[in-house]
Structure formats: C-alpha cells, structure tokens
$ cat run17.pdb   # PDB, C-alpha atoms
MODEL        1
ATOM      1  CA  SER A 668     -30.752 -57.433 -28.128
ATOM      2  CA  THR A 669     -30.850 -53.701 -28.677
ATOM      3  CA  ASP A 670     -27.804 -51.542 -28.120
ATOM      4  CA  THR A 671     -28.947 -48.312 -26.443
ATOM      5  CA  GLY A 672     -25.565 -47.059 -25.313
ATOM      6  CA  GLY A 673     -22.718 -47.663 -27.681
ATOM      7  CA  GLY A 674     -20.277 -45.076 -29.038
ATOM      8  CA  SER A 675     -20.500 -41.527 -27.831
ATOM      9  CA  SER A 676     -24.140 -41.377 -26.756
ATOM     10  CA  GLY A 677     -23.937 -43.946 -23.956
ATOM     11  CA  GLY A 678     -22.444 -41.751 -21.237
ATOM     12  CA  SER A 679     -25.270 -39.254 -20.825
ATOM     13  CA  TYR A 680     -26.584 -40.622 -17.517
ATOM     14  CA  GLY A 681     -23.389 -40.727 -15.569
ATOM     15  CA  GLY A 682     -22.186 -44.271 -16.133
ATOM     16  CA  GLY A 683     -19.655 -43.221 -18.761
ATOM     17  CA  GLY A 684     -19.301 -44.539 -22.307
ATOM     18  CA  GLY A 685     -16.305 -46.786 -22.673
ATOM     19  CA  GLY A 686     -15.285 -48.150 -19.316
ATOM     20  CA  GLY A 687     -18.467 -47.646 -17.320
ATOM     21  CA  GLY A 688     -20.007 -50.889 -16.490
ATOM     22  CA  GLY A 689     -21.804 -53.263 -18.910
ATOM     23  CA  GLY A 690     -20.458 -52.466 -22.335
ATOM     24  CA  GLY A 691     -22.949 -49.715 -22.999
ATOM     25  CA  LYS A 692     -26.140 -51.738 -22.643
ATOM     26  CA  LYS A 693     -28.656 -50.370 -20.135
ATOM     27  CA  GLY A 694     -30.577 -52.654 -17.860
ATOM     28  CA  PRO A 695     -33.292 -51.880 -15.295
ATOM     29  CA  GLY A 696     -30.651 -50.869 -12.722
ATOM     30  CA  ASP A 697     -29.195 -48.277 -15.110
ATOM     31  CA  ALA A 698     -32.567 -46.525 -15.507
ATOM     32  CA  ALA A 699     -32.860 -46.113 -11.718
ATOM     33  CA  GLU A 700     -29.348 -44.651 -11.634
ATOM     34  CA  ALA A 701     -30.287 -42.310 -14.437
ATOM     35  CA  ALA A 702     -33.369 -41.127 -12.539
ATOM     36  CA  ASP A 703     -31.302 -40.561  -9.372
ATOM     37  CA  TRP A 704     -28.695 -38.653 -11.383
ATOM     38  CA  GLY A 705     -31.439 -36.491 -12.913
ATOM     39  CA  VAL A 706     -32.864 -35.661  -9.458
ATOM     40  CA  ASP A 707     -29.380 -34.855  -8.113
ATOM     41  CA  ALA A 708     -28.629 -32.665 -11.114
ATOM     42  CA  MET A 709     -31.908 -30.789 -10.664
ATOM     43  CA  ALA A 710     -31.224 -30.294  -6.945
ATOM     44  CA  LYS A 711     -27.711 -29.020  -7.680
ATOM     45  CA  ALA A 712     -29.012 -26.685 -10.377
ATOM     46  CA  THR A 713     -31.700 -25.338  -8.019
ATOM     47  CA  ALA A 714     -29.157 -24.829  -5.234
ATOM     48  CA  GLU A 715     -26.811 -23.045  -7.635
ATOM     49  CA  LYS A 716     -29.632 -20.834  -8.864
ATOM     50  CA  GLN A 717     -30.540 -19.954  -5.252
ATOM     51  CA  ARG A 718     -26.885 -19.220  -4.421
ATOM     52  CA  ARG A 719     -26.586 -16.892  -7.431
ATOM     53  CA  LYS A 720     -29.811 -15.116  -6.456
ATOM     54  CA  GLU A 721     -28.588 -14.600  -2.874
ATOM     55  CA  GLU A 722     -25.226 -13.325  -4.140
ATOM     56  CA  GLU A 723     -26.975 -10.868  -6.454
ATOM     57  CA  GLU A 724     -29.190  -9.637  -3.599
ATOM     58  CA  ARG A 725     -26.125  -9.194  -1.368
ATOM     59  CA  GLN A 726     -24.391  -7.165  -4.076
ATOM     60  CA  GLN A 727     -27.529  -5.026  -4.496
ATOM     61  CA  ARG A 728     -27.632  -4.334  -0.736
ATOM     62  CA  GLU A 729     -23.928  -3.416  -0.708
ATOM     63  CA  LEU A 730     -24.437  -1.068  -3.656
ATOM     64  CA  GLN A 731     -27.429   0.584  -1.960
ATOM     65  CA  LEU A 732     -25.475   1.018   1.277
ATOM     66  CA  LYS A 733     -22.553   2.538  -0.619
ATOM     67  CA  LYS A 734     -24.886   4.995  -2.366
ATOM     68  CA  GLU A 735     -26.446   5.997   0.978
ATOM     69  CA  GLN A 736     -23.008   6.540   2.524
ATOM     70  CA  GLU A 737     -21.878   8.652  -0.427
ATOM     71  CA  ALA A 738     -25.052  10.733  -0.165
ATOM     72  CA  ALA A 739     -24.436  11.284   3.564
ATOM     73  CA  VAL A 740     -20.847  12.402   2.887
ATOM     74  CA  ALA A 741     -22.037  14.719   0.121
ATOM     75  CA  GLN A 742     -24.661  16.198   2.464
ATOM     76  CA  LYS A 743     -22.001  16.914   5.097
ATOM     77  CA  LYS A 744     -19.696  18.573   2.562
ATOM     78  CA  ARG A 745     -22.442  20.778   1.168
ATOM     79  CA  LYS A 746     -22.226  24.410   2.255
ATOM     80  CA  PRO A 747     -25.218  25.608   4.237
ATOM     81  CA  SER A 748     -27.536  27.959   2.388
ATOM     82  CA  LYS A 749     -27.973  31.583   3.451
ATOM     83  CA  TRP A 750     -31.381  30.700   4.872
ATOM     84  CA  GLN A 751     -29.877  27.853   6.919
ATOM     85  CA  MET A 752     -27.110  30.107   8.243
ATOM     86  CA  LEU A 753     -29.649  32.822   9.161
ATOM     87  CA  LYS A 754     -31.864  30.274  10.909
ATOM     88  CA  GLU A 755     -28.957  28.796  12.913
ATOM     89  CA  GLY A 756     -27.739  32.287  13.855
ATOM     90  CA  TYR A 757     -31.201  33.323  15.049
ATOM     91  CA  GLU A 758     -31.578  30.125  17.091
ATOM     92  CA  GLY A 759     -28.182  30.726  18.686
ATOM     93  CA  LEU A 760     -29.145  34.311  19.570
ATOM     94  CA  VAL A 761     -32.463  33.219  21.099
ATOM     95  CA  CYS A 762     -30.719  30.541  23.163
ATOM     96  CA  ALA A 763     -28.119  33.059  24.401
ATOM     97  CA  VAL A 764     -30.806  35.539  25.510
ATOM     98  CA  VAL A 765     -33.448  33.157  26.826
ATOM     99  CA  ARG A 766     -31.103  30.634  28.424
ATOM    100  CA  PRO A 767     -27.514  31.865  28.473
ATOM    101  CA  PRO A 768     -24.771  29.334  29.058
ATOM    102  CA  ARG A 769     -23.511  29.106  32.615
ATOM    103  CA  SER A 770     -20.081  30.409  33.457
ATOM    104  CA  ARG A 771     -17.590  27.863  34.665
ATOM    105  CA  TYR A 772     -15.238  28.970  37.391
ATOM    106  CA  HIS A 773     -13.351  27.650  40.379
ATOM    107  CA  PRO A 774     -14.249  29.659  43.492
ATOM    108  CA  GLN A 775     -11.069  28.827  45.369
ATOM    109  CA  HIS A 776      -8.930  30.275  42.553
ATOM    110  CA  GLU A 777     -11.036  33.123  41.234
ATOM    111  CA  LEU A 778     -12.695  34.549  44.339
ATOM    112  CA  GLY A 779      -9.551  35.091  46.354
ATOM    113  CA  PRO A 780      -8.750  33.900  49.872
ATOM    114  CA  ARG A 781     -11.472  32.429  52.096
ATOM    115  CA  ARG A 782     -10.506  34.671  55.027
ATOM    116  CA  LEU A 783      -9.806  38.356  54.694
ATOM    117  CA  ARG A 784      -8.946  41.019  57.241
ATOM    118  CA  LEU A 785     -10.250  44.462  56.374
ATOM    119  CA  GLU A 786      -8.392  47.708  57.164
ATOM    120  CA  GLY A 787     -10.469  48.389  60.242
ATOM    121  CA  GLY A 788      -9.459  45.036  61.721
ATOM    122  CA  GLN A 789     -12.723  43.350  60.854
ATOM    123  CA  GLU A 790     -12.291  39.764  59.679
ATOM    124  CA  MET A 791     -14.419  38.355  56.847
ATOM    125  CA  SER A 792     -14.748  34.777  55.694
ATOM    126  CA  ARG A 793     -16.685  32.903  53.052
ATOM    127  CA  GLU A 794     -17.893  29.372  52.746
ATOM    128  CA  ASP A 795     -18.092  27.625  49.354
ATOM    129  CA  PHE A 796     -20.572  24.793  48.831
ATOM    130  CA  GLU A 797     -22.548  22.986  46.126
ATOM    131  CA  LEU A 798     -26.299  22.773  45.831
ATOM    132  CA  SER A 799     -27.620  19.497  44.516
ATOM    133  CA  ASN A 800     -30.827  18.079  43.132
ATOM    134  CA  TYR A 801     -31.930  14.621  41.982
ATOM    135  CA  GLN A 802     -29.280  14.723  39.237
ATOM    136  CA  GLY A 803     -26.413  15.253  41.684
ATOM    137  CA  PRO A 804     -24.293  18.359  42.401
ATOM    138  CA  CYS A 805     -25.165  21.109  39.967
ATOM    139  CA  GLU A 806     -24.655  24.608  41.428
ATOM    140  CA  SER A 807     -21.766  26.198  43.277
ATOM    141  CA  ALA A 808     -22.587  28.816  45.861
ATOM    142  CA  THR A 809     -20.821  31.060  48.354
ATOM    143  CA  GLN A 810     -22.062  32.293  51.709
TER     144      GLN A 810
ENDMDL
END
$ encode --input "run17.pdb" --output "structure tokens"
Amino acid sequence: STDTGGGSSGGSYGGGGGGGGGGGKKGPGDAAEAADWGVDAMAKATAEKQRRKEEEERQQRELQLKKEQEAAVAQKKRKPSKWQMLKEGYEGLVCAVVRPPRSRYHPQHELGPRRLRLEGGQEMSREDFELSNYQGPCESATQ
C-alpha cells in the first residue's frame, strides 16, 4: 500500500494530518471530500474578491461625493467677480424699473379711520376689500 498522506503533507485537503481520520491514507471518499473542499474554497475566494471590489467601489463613490461637496463649498465661498457683480446689479435695476416690488401695507392701520367727518359736516367713508383671481386673494383695494 502507498502512503499518500503521512507527516506534514497529509492535511492539505481539510482532513487534517495527525488526528483526521484514517491514519493519513486517502481512499476514494477522501478524494470526493477534497474536490468539495476545493469548490468551497473557490466559492469563498470568489465571494471575498467580489466583497472587496464592492467595498472599493463604495469608497470611490464616497470620495467622489466628498470632492463634489468640497467643490460646492469652495464655489459658495468664492467672491463674485466684478463682471458678476455688475451683471447682478444691472438685473436688479431692470427688475426694479420694469416690475417694481409691491408695497406691503395694512389699510386699517395706515389709511386712517374708515369714517371721517369733514369740517363742513360732510361725512366720508371708505370700504376696504381684496380682489382675487384663480390663485386666491392677491390685491387690496379701497373704494
């Protein structure tokens, strides 16, 4: 009989050298175990390789996101150029002339009393109301 296991070389397929089952001799059952162990080891190695690849991709994405965020912060901190300031000023002036902002006021506080008696005894009154459109109330008016 041939000794294929023995000493220190017998434990390479997972059965172990000294105390692993049959004194180090390999029979037909041991070869099947060795093949199964080889398939399992390959599957584990492939899974580990895939896990490392996914982890590396995740780290790359995080690094890219961090760079984009830093660039956005740097863009916000950057002082506007003279051209940009001139352009924004001109746009603001055009908007103020072409479409000035509406004044906000409260008629009941700023227009005085609703009823008023003039010196000649004539009585005046006003009525405050809101004009609305499809967006809801939008204009205050007095009659």
$ resolve_selection --input "run17.pdb" --expression "the PyMOL selection byres ((chain A and resi 797) around 6)" --output "MDAnalysis selection string"
chainID A and resid 796 798 806:808
$ closest_residue --input "run17.pdb" --among "A:Leu778, A:Glu755, A:Gln810, A:Glu715" --to "Arg793 in chain A" --atoms "only C-alpha atoms"
A:Gln810
$ atom_distance --input "run17.pdb" --atom1 "CA of Asp795 in chain A" --atom2 "CA of Arg781 in chain A"
8.6 Å
$ atom_distance --input "run17.pdb" --atom1 "CA of Glu721 in chain A" --atom2 "CA of Ala739 in chain A"
27.0 Å
$ atom_distance --input "run17.pdb" --atom1 "CA of Gln727 in chain A" --atom2 "CA of Lys744 in chain A"
25.8 Å
$ axis_aligned_box --input "run17.pdb" --around "range 749-766 of chain A" --padding-each-side "5 Å" --output "AutoDock Vina command-line options"
--center_x -30.3 --center_y 31.7 --center_z 15.9 --size_x 16.3 --size_y 17.7 --size_z 35.0
